[in-house]
Structure formats: C-alpha cells, structure tokens
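Take a look at the structure set out below.
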Amino acid sequence: MPQKHFTIPIFVPELACPFQCVYCNQKKISGQQEIPSAEKVIKTIEDHLSTIDYENNVVELGFFGGNFTGIPTHEQEMYLLLVQKYITEGKIQGIRLSTRPDYIDQQSLDLLKKYKVKTIELGAQSLDDEVLKQVGRGHTSFDVEQASCLIKENGFRLGLQMMIGLPGDNAQKSLKTAQKIIDLKADDIRIYPCLVIKETKLHELLQQQKYKALTLEEALAETKEIVKLFEKANMNIIRIGLHPSEALTTDKELIDGPYHPSFKELVMTEIWHDIFQDLLKQKHHRNIKIQVATKELNLAIGHKSKNKIALQEHYEVVQFIPNPELKGRDFSVEYF
Ligand code: SF4
C-alpha cells in the first residue's frame, strides 16, 4: 500500500494584524478566533493521531494562519516544543507552517530549524508590485524573493501561495507570477482565486465599482494556464482552490467571486477539454474509445461528464477506458 500523507492542522491566527489586505476580514479573525492553548494543541494532535495509522503513513503537523513567525518568539517556541515529543516518538515526521515573507530572517529561521520545521510556506499572493500595493499586502515582490532564497539556503522546503483575480491583476500578470514561483524553485504551490468576503475593503471596492471579481469561467481559464505552466516545469501543486471549510463558514460571508467546492476538478476538466480539441475536429469516424490513466479517468470524462458530453455531440459512441499502465495525461485513441 502506498503511504498516505496526513497534515494535522493547527490554526494560529494573527490577532491584531497590522496589515490591511483588501480581501481579509480582520474583524472576524480578531473577534472570533483565539490563539489555541497548549492543551488545545495537544488535544488536536492526540485526536488526529487516534484516527491515523501513523506507523505506515507520513504525518506532518501544520501551523496555519498566515504569520507564524510574526507571533512573539516565546509563543512560537511554546508551540514548536509541544510537537517535539511526537517527532521523537516517530508519530509525526515534521512540521510545516505558513508565514509572511517580510517576517523571515536568519534569526527566525534558526529558531525553526532548531525545532525541526521542514516546510515554510509564504503567502506571496502575487509577484507583481503594483498588485501587491493595490492589495495592501505591506510587502514587495523583492521581500518574497529574498525570503524564498533564504528559506532554500537554510535547507527548508519552500511553499509559495499565489492568488488570481486580485485588484490590479490580470491573466498575463498571474502567469508571470507563476513563472517567478518556478524560478524561485518552490517545492509546494497553492493557487487560490480571490473571493469577495463580507465586510472587507474588497467588498467596499466592489460596491464602489472599483473592483470586478473574476467569473468562474474566467478563473478556470486563468488557473488552467497557470497549472499547465507549473506542470511543464514539474512543480508540485498541493492545492487549487479553497477547501470549503477554509474561509467560508456560511454562504452569507461570500459576496462575490469564483468560488466552487470542486474548483480543482473543474480546472482539470478544462485541461482535458483542451487536450480533446483535436478529437473534436476528426471527421469520418463514428465511434471512439479513449484509454486514460486510471487516476485520470473521472477528470478526463470531466465534471458532470462535460468532456464526454462534448465528444458525444461528435461521435455516436464514446467509451472511456481506465488503463493502469498509462501515466499522467497520456492517452490512446481507437476509432471503431
Ligand atoms: S490576510 Fe493580510 S490582513 Fe489578513 S491577517 Fe493576513 S496579513 Fe493580516
């Protein structure tokens, strides 16, 4: 059995964050979230470990929330110390955490190294300075580049997170951001579409008609090209789109933007749709049999069978066959 990868998530919110990212509802973060206590962290770890076969799988602990290295040093140490026992016992193999690029320096990295942190994820969001300015991130693309290099030089795995559809952004700029992420040799990548959440600056900008959210179609078209670029460079994309529980606890919080619970599946459907374009141009064939890698079968058929339906408009019989010997998006076609 191949090993599975589990991440035990601990959310460490940035209380009273001094920044003003336009898409972030700070009131909600500081009003409803609490810094988790040591007891709460231990309980979360124990609860997760009780349901995971940690002897035969890879288990990591993830400190998420955006700015781990921005919290006071003694609190960082308190959290990191809690995990050491589980690492020594072999129940947890490593720690990953997310933080801001402008909160990385040699001193902060020395601390993380001491406590066996393996992966540091930076919320880069964009590597275009005009976009970063309009978003109010409070850091520049140079900060991201510098922090990324320092993280790699110190032997950590580097995660970079980017967003599409930000104010001042466009498809071309997003592709440039993706290319820079490749150049920075990120080990893990997350791609999120920008959403308009209630009571944010972006909500105001939307009401003042100074911001237009991407439609779902636009977001899919943009993300698909970014994914193709990353895949061509053999980059490791670990997330596409928000997990339903990540930001939107109720429907009422989402005002606008390309949210879809199956965003990744939709992106992959579009990539296969592009691949099948040539098959839709074929004439003189009535029936078609397409073999794809077993793992890709559902994505090739498409979300709600979108790609199969498109092919059925062209062929009388469309058969998709899983082939365990095929890898990635390789496929073979037979006409009959
Ligand atoms: S998203 Fe921006 S404003 Fe919100 S907590 Fe993080 S750094 Fe602060």
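Numbering starts fresh at 1 for the residues of each chain in the structure tokens, the chains themselves are lettered A, B, ... in the order given, and ligands are numbered from 1 as they appear.
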Set out as a tab-separated table a contact list for chain A and ligand 1 with a cut-off of 6 Å, giving each residue of chain A that qualifies its closest atom pair and distance in Å to one decimal, counting only C-alpha atoms and all ligand atoms, ordered by chain and rising residue number.
residue	atom	partner	partner_atom_place_in_ligand_line	distance
A:Glu14	CA	ligand 1	5 (S)	5.5
A:Cys17	CA	ligand 1	8 (Fe)	4.7
A:Phe19	CA	ligand 1	3 (S)	4.6
A:Gln20	CA	ligand 1	3 (S)	4.3
A:Cys21	CA	ligand 1	2 (Fe)	4.1
A:Cys24	CA	ligand 1	4 (Fe)	4.5
A:Gln26	CA	ligand 1	4 (Fe)	5.6
A:Gly66	CA	ligand 1	6 (Fe)	5.4
Now that the selection is made, can you save its residues with C-alpha atoms as a PDB file, in the first residue's frame?
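That gives us part_1.pdb:
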ATOM      1  CA  GLU A  14      -2.806  36.703  13.631  1.00  0.00           C
ATOM      2  CA  CYS A  17      -2.525  42.080  12.431  1.00  0.00           C
ATOM      3  CA  PHE A  19      -1.703  44.862   7.705  1.00  0.00           C
ATOM      4  CA  GLN A  20      -4.708  45.642   5.535  1.00  0.00           C
ATOM      5  CA  CYS A  21      -5.026  43.015   2.843  1.00  0.00           C
ATOM      6  CA  CYS A  24      -9.247  39.862   4.524  1.00  0.00           C
ATOM      7  CA  GLN A  26      -9.733  41.238  10.128  1.00  0.00           C
ATOM      8  CA  GLY A  66      -0.683  33.243   7.818  1.00  0.00           C
TER       9      GLY A  66
END
**OP:** Show which residues sit within 10 Å of Asp105 (chain A), as a ChimeraX atom specification. Count only C-alpha atoms, and ignore same-chain residues fewer than 2 positions away.
**Re:** /A:69,101-103,107-110,146-147,150-151
So that I have them on file, write out the residues from the current selection with N, CA, C and O atoms, as a PDB file, in the first residue's frame.
ATOM      1  N   THR A  69       5.743  33.285  12.092  1.00  0.00           N
ATOM      2  CA  THR A  69       6.962  33.948  12.597  1.00  0.00           C
ATOM      3  C   THR A  69       6.686  35.380  13.060  1.00  0.00           C
ATOM      4  O   THR A  69       7.581  36.042  13.571  1.00  0.00           O
ATOM      5  N   PRO A 101       6.239  36.749   3.997  1.00  0.00           N
ATOM      6  CA  PRO A 101       7.627  36.844   3.514  1.00  0.00           C
ATOM      7  C   PRO A 101       8.456  37.883   4.247  1.00  0.00           C
ATOM      8  O   PRO A 101       9.668  37.728   4.378  1.00  0.00           O
ATOM      9  N   ASP A 102       7.809  38.955   4.731  1.00  0.00           N
ATOM     10  CA  ASP A 102       8.587  40.010   5.396  1.00  0.00           C
ATOM     11  C   ASP A 102       8.829  39.685   6.874  1.00  0.00           C
ATOM     12  O   ASP A 102       9.340  40.517   7.617  1.00  0.00           O
ATOM     13  N   TYR A 103       8.465  38.496   7.301  1.00  0.00           N
ATOM     14  CA  TYR A 103       8.740  38.076   8.679  1.00  0.00           C
ATOM     15  C   TYR A 103       9.711  36.901   8.697  1.00  0.00           C
ATOM     16  O   TYR A 103       9.645  36.043   9.553  1.00  0.00           O
ATOM     17  N   GLN A 107      17.491  34.875  11.944  1.00  0.00           N
ATOM     18  CA  GLN A 107      17.175  34.549  13.343  1.00  0.00           C
ATOM     19  C   GLN A 107      15.892  33.692  13.441  1.00  0.00           C
ATOM     20  O   GLN A 107      15.858  32.690  14.150  1.00  0.00           O
ATOM     21  N   SER A 108      14.880  34.103  12.692  1.00  0.00           N
ATOM     22  CA  SER A 108      13.625  33.333  12.757  1.00  0.00           C
ATOM     23  C   SER A 108      13.832  31.932  12.181  1.00  0.00           C
ATOM     24  O   SER A 108      13.279  30.947  12.693  1.00  0.00           O
ATOM     25  N   LEU A 109      14.647  31.829  11.134  1.00  0.00           N
ATOM     26  CA  LEU A 109      14.883  30.513  10.534  1.00  0.00           C
ATOM     27  C   LEU A 109      15.701  29.611  11.469  1.00  0.00           C
ATOM     28  O   LEU A 109      15.455  28.401  11.538  1.00  0.00           O
ATOM     29  N   ASP A 110      16.648  30.215  12.217  1.00  0.00           N
ATOM     30  CA  ASP A 110      17.444  29.416  13.168  1.00  0.00           C
ATOM     31  C   ASP A 110      16.530  28.763  14.202  1.00  0.00           C
ATOM     32  O   ASP A 110      16.707  27.602  14.568  1.00  0.00           O
ATOM     33  N   GLN A 146      13.575  37.432  -1.629  1.00  0.00           N
ATOM     34  CA  GLN A 146      14.638  37.346  -0.620  1.00  0.00           C
ATOM     35  C   GLN A 146      14.334  36.251   0.411  1.00  0.00           C
ATOM     36  O   GLN A 146      15.197  35.427   0.729  1.00  0.00           O
ATOM     37  N   ALA A 147      13.105  36.247   0.905  1.00  0.00           N
ATOM     38  CA  ALA A 147      12.714  35.251   1.913  1.00  0.00           C
ATOM     39  C   ALA A 147      12.797  33.836   1.321  1.00  0.00           C
ATOM     40  O   ALA A 147      13.278  32.903   1.974  1.00  0.00           O
ATOM     41  N   LEU A 150      16.400  32.702   1.160  1.00  0.00           N
ATOM     42  CA  LEU A 150      16.933  32.414   2.495  1.00  0.00           C
ATOM     43  C   LEU A 150      16.384  31.076   3.027  1.00  0.00           C
ATOM     44  O   LEU A 150      17.113  30.275   3.624  1.00  0.00           O
ATOM     45  N   ILE A 151      15.118  30.835   2.762  1.00  0.00           N
ATOM     46  CA  ILE A 151      14.487  29.580   3.206  1.00  0.00           C
ATOM     47  C   ILE A 151      15.181  28.382   2.543  1.00  0.00           C
ATOM     48  O   ILE A 151      15.543  27.408   3.197  1.00  0.00           O
TER      49      ILE A 151
END
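Residues in contact with Phe276 (chain A) at up to 10 Å, not including ones fewer than 4 positions away on its chain and judged by only C-alpha atoms, are Glu270, Ile271, Trp272, Leu280, Lys281, Ala300, Asn307, Lys308, Ala310 and Leu311 of chain A.
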File dump, residues just selected, all heavy atoms, as a PDB file, in the first residue's frame:
ATOM      1  N   GLU A 270     -11.115  21.235 -17.556  1.00  0.00           N
ATOM      2  CA  GLU A 270     -10.785  22.174 -18.649  1.00  0.00           C
ATOM      3  C   GLU A 270      -9.494  21.774 -19.348  1.00  0.00           C
ATOM      4  O   GLU A 270      -9.361  21.910 -20.561  1.00  0.00           O
ATOM      5  CB  GLU A 270     -10.671  23.609 -18.107  1.00  0.00           C
ATOM      6  CG  GLU A 270     -12.000  24.220 -17.672  1.00  0.00           C
ATOM      7  CD  GLU A 270     -13.057  24.160 -18.758  1.00  0.00           C
ATOM      8  OE1 GLU A 270     -12.768  24.548 -19.894  1.00  0.00           O
ATOM      9  OE2 GLU A 270     -14.173  23.683 -18.463  1.00  0.00           O
ATOM     10  N   ILE A 271      -8.519  21.298 -18.566  1.00  0.00           N
ATOM     11  CA  ILE A 271      -7.247  20.894 -19.186  1.00  0.00           C
ATOM     12  C   ILE A 271      -7.487  19.712 -20.129  1.00  0.00           C
ATOM     13  O   ILE A 271      -7.002  19.674 -21.259  1.00  0.00           O
ATOM     14  CB  ILE A 271      -6.196  20.578 -18.104  1.00  0.00           C
ATOM     15  CG1 ILE A 271      -5.832  21.883 -17.375  1.00  0.00           C
ATOM     16  CG2 ILE A 271      -4.943  19.930 -18.714  1.00  0.00           C
ATOM     17  CD1 ILE A 271      -4.821  21.746 -16.257  1.00  0.00           C
ATOM     18  N   TRP A 272      -8.272  18.737 -19.671  1.00  0.00           N
ATOM     19  CA  TRP A 272      -8.604  17.604 -20.551  1.00  0.00           C
ATOM     20  C   TRP A 272      -9.426  18.067 -21.757  1.00  0.00           C
ATOM     21  O   TRP A 272      -9.272  17.563 -22.863  1.00  0.00           O
ATOM     22  CB  TRP A 272      -9.375  16.518 -19.772  1.00  0.00           C
ATOM     23  CG  TRP A 272      -8.481  15.527 -19.103  1.00  0.00           C
ATOM     24  CD1 TRP A 272      -8.245  15.401 -17.768  1.00  0.00           C
ATOM     25  CD2 TRP A 272      -7.676  14.516 -19.737  1.00  0.00           C
ATOM     26  NE1 TRP A 272      -7.352  14.390 -17.529  1.00  0.00           N
ATOM     27  CE2 TRP A 272      -6.986  13.826 -18.718  1.00  0.00           C
ATOM     28  CE3 TRP A 272      -7.463  14.129 -21.058  1.00  0.00           C
ATOM     29  CZ2 TRP A 272      -6.107  12.769 -18.982  1.00  0.00           C
ATOM     30  CZ3 TRP A 272      -6.593  13.073 -21.322  1.00  0.00           C
ATOM     31  CH2 TRP A 272      -5.926  12.409 -20.293  1.00  0.00           C
ATOM     32  N   LEU A 280     -12.213  16.496 -31.492  1.00  0.00           N
ATOM     33  CA  LEU A 280     -13.472  17.105 -31.916  1.00  0.00           C
ATOM     34  C   LEU A 280     -13.393  17.614 -33.365  1.00  0.00           C
ATOM     35  O   LEU A 280     -14.404  17.981 -33.946  1.00  0.00           O
ATOM     36  CB  LEU A 280     -13.853  18.250 -30.969  1.00  0.00           C
ATOM     37  CG  LEU A 280     -14.180  17.813 -29.534  1.00  0.00           C
ATOM     38  CD1 LEU A 280     -14.312  19.002 -28.608  1.00  0.00           C
ATOM     39  CD2 LEU A 280     -15.459  16.988 -29.499  1.00  0.00           C
ATOM     40  N   LYS A 281     -12.175  17.615 -33.905  1.00  0.00           N
ATOM     41  CA  LYS A 281     -12.026  18.073 -35.305  1.00  0.00           C
ATOM     42  C   LYS A 281     -12.039  16.894 -36.272  1.00  0.00           C
ATOM     43  O   LYS A 281     -12.112  17.065 -37.473  1.00  0.00           O
ATOM     44  CB  LYS A 281     -10.703  18.828 -35.452  1.00  0.00           C
ATOM     45  CG  LYS A 281     -10.732  20.187 -34.787  1.00  0.00           C
ATOM     46  CD  LYS A 281      -9.404  20.894 -34.986  1.00  0.00           C
ATOM     47  CE  LYS A 281      -9.227  21.963 -33.929  1.00  0.00           C
ATOM     48  NZ  LYS A 281      -7.850  22.097 -33.490  1.00  0.00           N
ATOM     49  N   ALA A 300     -10.825  13.129 -16.935  1.00  0.00           N
ATOM     50  CA  ALA A 300     -10.895  13.119 -18.401  1.00  0.00           C
ATOM     51  C   ALA A 300     -12.357  13.147 -18.865  1.00  0.00           C
ATOM     52  O   ALA A 300     -12.713  13.886 -19.797  1.00  0.00           O
ATOM     53  CB  ALA A 300     -10.183  11.893 -18.951  1.00  0.00           C
ATOM     54  N   ASN A 307     -16.715  16.625 -20.621  1.00  0.00           N
ATOM     55  CA  ASN A 307     -15.915  16.283 -21.809  1.00  0.00           C
ATOM     56  C   ASN A 307     -16.541  15.132 -22.590  1.00  0.00           C
ATOM     57  O   ASN A 307     -16.512  15.115 -23.823  1.00  0.00           O
ATOM     58  CB  ASN A 307     -14.486  15.929 -21.389  1.00  0.00           C
ATOM     59  CG  ASN A 307     -13.794  17.128 -20.766  1.00  0.00           C
ATOM     60  OD1 ASN A 307     -14.143  18.270 -21.065  1.00  0.00           O
ATOM     61  ND2 ASN A 307     -12.827  16.877 -19.899  1.00  0.00           N
ATOM     62  N   LYS A 308     -17.119  14.188 -21.867  1.00  0.00           N
ATOM     63  CA  LYS A 308     -17.768  13.062 -22.561  1.00  0.00           C
ATOM     64  C   LYS A 308     -18.966  13.578 -23.371  1.00  0.00           C
ATOM     65  O   LYS A 308     -19.159  13.193 -24.529  1.00  0.00           O
ATOM     66  CB  LYS A 308     -18.219  12.015 -21.527  1.00  0.00           C
ATOM     67  CG  LYS A 308     -18.733  10.754 -22.164  1.00  0.00           C
ATOM     68  CD  LYS A 308     -18.945   9.640 -21.171  1.00  0.00           C
ATOM     69  CE  LYS A 308     -19.407   8.388 -21.896  1.00  0.00           C
ATOM     70  NZ  LYS A 308     -19.624   7.273 -21.000  1.00  0.00           N
ATOM     71  N   ALA A 310     -19.349  16.540 -24.607  1.00  0.00           N
ATOM     72  CA  ALA A 310     -18.857  17.282 -25.790  1.00  0.00           C
ATOM     73  C   ALA A 310     -18.483  16.299 -26.904  1.00  0.00           C
ATOM     74  O   ALA A 310     -18.784  16.524 -28.080  1.00  0.00           O
ATOM     75  CB  ALA A 310     -17.659  18.130 -25.401  1.00  0.00           C
ATOM     76  N   LEU A 311     -17.843  15.177 -26.511  1.00  0.00           N
ATOM     77  CA  LEU A 311     -17.451  14.176 -27.515  1.00  0.00           C
ATOM     78  C   LEU A 311     -18.682  13.463 -28.100  1.00  0.00           C
ATOM     79  O   LEU A 311     -18.714  13.120 -29.284  1.00  0.00           O
ATOM     80  CB  LEU A 311     -16.485  13.158 -26.896  1.00  0.00           C
ATOM     81  CG  LEU A 311     -15.077  13.690 -26.611  1.00  0.00           C
ATOM     82  CD1 LEU A 311     -14.361  12.828 -25.577  1.00  0.00           C
ATOM     83  CD2 LEU A 311     -14.256  13.748 -27.905  1.00  0.00           C
TER      84      LEU A 311
END
Subject >> Who sits within 8 Å of Ile92 (chain A), only C-alpha atoms, same chain under 6 positions skipped, as a list in words >> reply: Tyr54, Val58, Val59, Glu60, Leu61, Val83 and Tyr86 of chain A
Please build the interface table for region 254-308 of chain A against region 218-231 of chain A with a cut-off of 8 Å, listing for each qualifying residue the nearest atom pair and the distance in Å to one decimal; count only C-alpha atoms, order rows by chain and increasing number, and write it as JSON lines.
{"residue": "A:Pro258", "atom": "CA", "partner": "A:Ala219", "partner_atom": "CA", "distance": 6.4}
{"residue": "A:Phe263", "atom": "CA", "partner": "A:Leu220", "partner_atom": "CA", "distance": 7.9}
{"residue": "A:Leu266", "atom": "CA", "partner": "A:Leu220", "partner_atom": "CA", "distance": 7.2}
{"residue": "A:Val267", "atom": "CA", "partner": "A:Leu220", "partner_atom": "CA", "distance": 5.5}
{"residue": "A:Met268", "atom": "CA", "partner": "A:Lys224", "partner_atom": "CA", "distance": 7.4}
{"residue": "A:Glu270", "atom": "CA", "partner": "A:Lys224", "partner_atom": "CA", "distance": 6.9}
{"residue": "A:Ile271", "atom": "CA", "partner": "A:Lys224", "partner_atom": "CA", "distance": 6.2}
**OP:** Give me the residues within 9 Å of region 260-262 of chain A as a PyMOL selection string, counting only C-alpha atoms and dropping any in the same chain fewer than 6 places off.
**Re:** chain A and resi 216+241-244+303
Okay, now the selection with all heavy atoms, as a compact mmCIF listing (two decimals), in the first residue's frame?
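Printed below is out-v7.txt as written:
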# COMPACT_ATOMS: atom_id res chain seq x y z
N LEU A 216 -16.51 32.55 -12.69
CA LEU A 216 -15.96 31.20 -12.55
C LEU A 216 -15.25 30.80 -13.84
O LEU A 216 -14.15 30.24 -13.81
CB LEU A 216 -17.08 30.21 -12.20
CG LEU A 216 -16.63 28.78 -11.95
CD1 LEU A 216 -15.63 28.68 -10.79
CD2 LEU A 216 -17.83 27.86 -11.68
N GLY A 241 -7.67 26.08 -5.29
CA GLY A 241 -8.99 26.49 -4.78
C GLY A 241 -9.10 26.27 -3.29
O GLY A 241 -8.38 25.44 -2.71
N LEU A 242 -10.01 27.02 -2.70
CA LEU A 242 -10.19 26.93 -1.25
C LEU A 242 -10.89 25.64 -0.85
O LEU A 242 -11.81 25.19 -1.53
CB LEU A 242 -11.10 28.07 -0.78
CG LEU A 242 -10.46 29.42 -0.48
CD1 LEU A 242 -11.55 30.39 -0.08
CD2 LEU A 242 -9.45 29.30 0.64
N HIS A 243 -10.45 25.08 0.25
CA HIS A 243 -11.19 23.97 0.84
C HIS A 243 -12.48 24.58 1.39
O HIS A 243 -12.44 25.67 1.97
CB HIS A 243 -10.35 23.38 1.96
CG HIS A 243 -10.90 22.12 2.51
ND1 HIS A 243 -11.86 22.10 3.48
CD2 HIS A 243 -10.66 20.82 2.19
CE1 HIS A 243 -12.17 20.85 3.75
NE2 HIS A 243 -11.46 20.06 2.97
N PRO A 244 -13.64 23.91 1.22
CA PRO A 244 -14.88 24.55 1.65
C PRO A 244 -14.83 25.09 3.09
O PRO A 244 -15.44 26.11 3.38
CB PRO A 244 -15.92 23.43 1.53
CG PRO A 244 -15.36 22.52 0.50
CD PRO A 244 -13.86 22.62 0.59
N HIS A 303 -16.02 17.02 -15.06
CA HIS A 303 -17.01 17.33 -14.03
C HIS A 303 -18.39 17.30 -14.68
O HIS A 303 -18.62 17.92 -15.72
CB HIS A 303 -16.72 18.73 -13.47
CG HIS A 303 -17.64 19.14 -12.36
ND1 HIS A 303 -17.56 18.62 -11.10
CD2 HIS A 303 -18.67 20.01 -12.35
CE1 HIS A 303 -18.49 19.17 -10.34
NE2 HIS A 303 -19.18 20.01 -11.07
**OP:** Run DSSP on the backbone and give me the residues of region 21-239 of chain A it puts in alpha helix (DSSP H), as a VMD selection string.
**Re:** chain A and resid 26 to 32 38 to 49 73 to 88 106 to 114 129 to 135 141 to 153 171 to 183 201 to 207 216 to 232
Subject >> 7 Å contact set for region 35-41 of chain A, only C-alpha atoms, chain neighbours under 3 positions out, as a list in words >> reply: Ile10, Val12, Pro13, Thr44 and Ile45 of chain A
Could you dump the residues just selected with N, CA, C and O atoms as a short mmCIF file (atom, residue, chain, number, x, y, z; two decimals), in the first residue's frame?
data_model
loop_
_atom_site.label_atom_id
_atom_site.label_comp_id
_atom_site.auth_asym_id
_atom_site.auth_seq_id
_atom_site.Cartn_x
_atom_site.Cartn_y
_atom_site.Cartn_z
N ILE A 10 -3.17 23.05 12.76
CA ILE A 10 -3.38 23.89 13.94
C ILE A 10 -3.45 25.33 13.42
O ILE A 10 -2.52 25.80 12.77
N VAL A 12 -3.22 29.12 13.90
CA VAL A 12 -2.70 30.14 14.82
C VAL A 12 -3.00 31.51 14.19
O VAL A 12 -2.26 31.98 13.34
N PRO A 13 -4.11 32.13 14.56
CA PRO A 13 -4.49 33.37 13.87
C PRO A 13 -3.61 34.54 14.28
O PRO A 13 -3.01 34.54 15.34
N THR A 44 -5.79 18.36 19.89
CA THR A 44 -5.97 18.24 18.43
C THR A 44 -5.02 17.17 17.88
O THR A 44 -5.42 16.32 17.07
N ILE A 45 -3.76 17.21 18.35
CA ILE A 45 -2.79 16.21 17.86
C ILE A 45 -3.25 14.80 18.24
O ILE A 45 -3.31 13.90 17.40
#
**OP:** May I ask for the distance between CA of Ile87 (chain A) and CA of Ala124 (chain A), given in Å to one decimal place?
**Re:** 28.9 Å
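Separating CA of Pro193 (chain A) from CA of Val117 (chain A) is a distance of 27.9 Å.
When CA of Ile182 (chain A) is paired with CA of Lys133 (chain A), their separation reads 22.3 Å.
Closest approach to Leu214 (chain A) from the set A:Met235, A:Ile164, A:Ile181, A:Ile189 is made by A:Ile164, with distances taken over only C-alpha atoms.
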**OP:** Enumerate as a PyMOL selection string all residues of region 87-315 of chain A assigned to strand (DSSP E) by DSSP on the backbone, naming them with the chain letters and numbers the document uses.
**Re:** chain A and resi 94-99+117-125+157-164+188-193+196-197+237-240+254-256+287-293
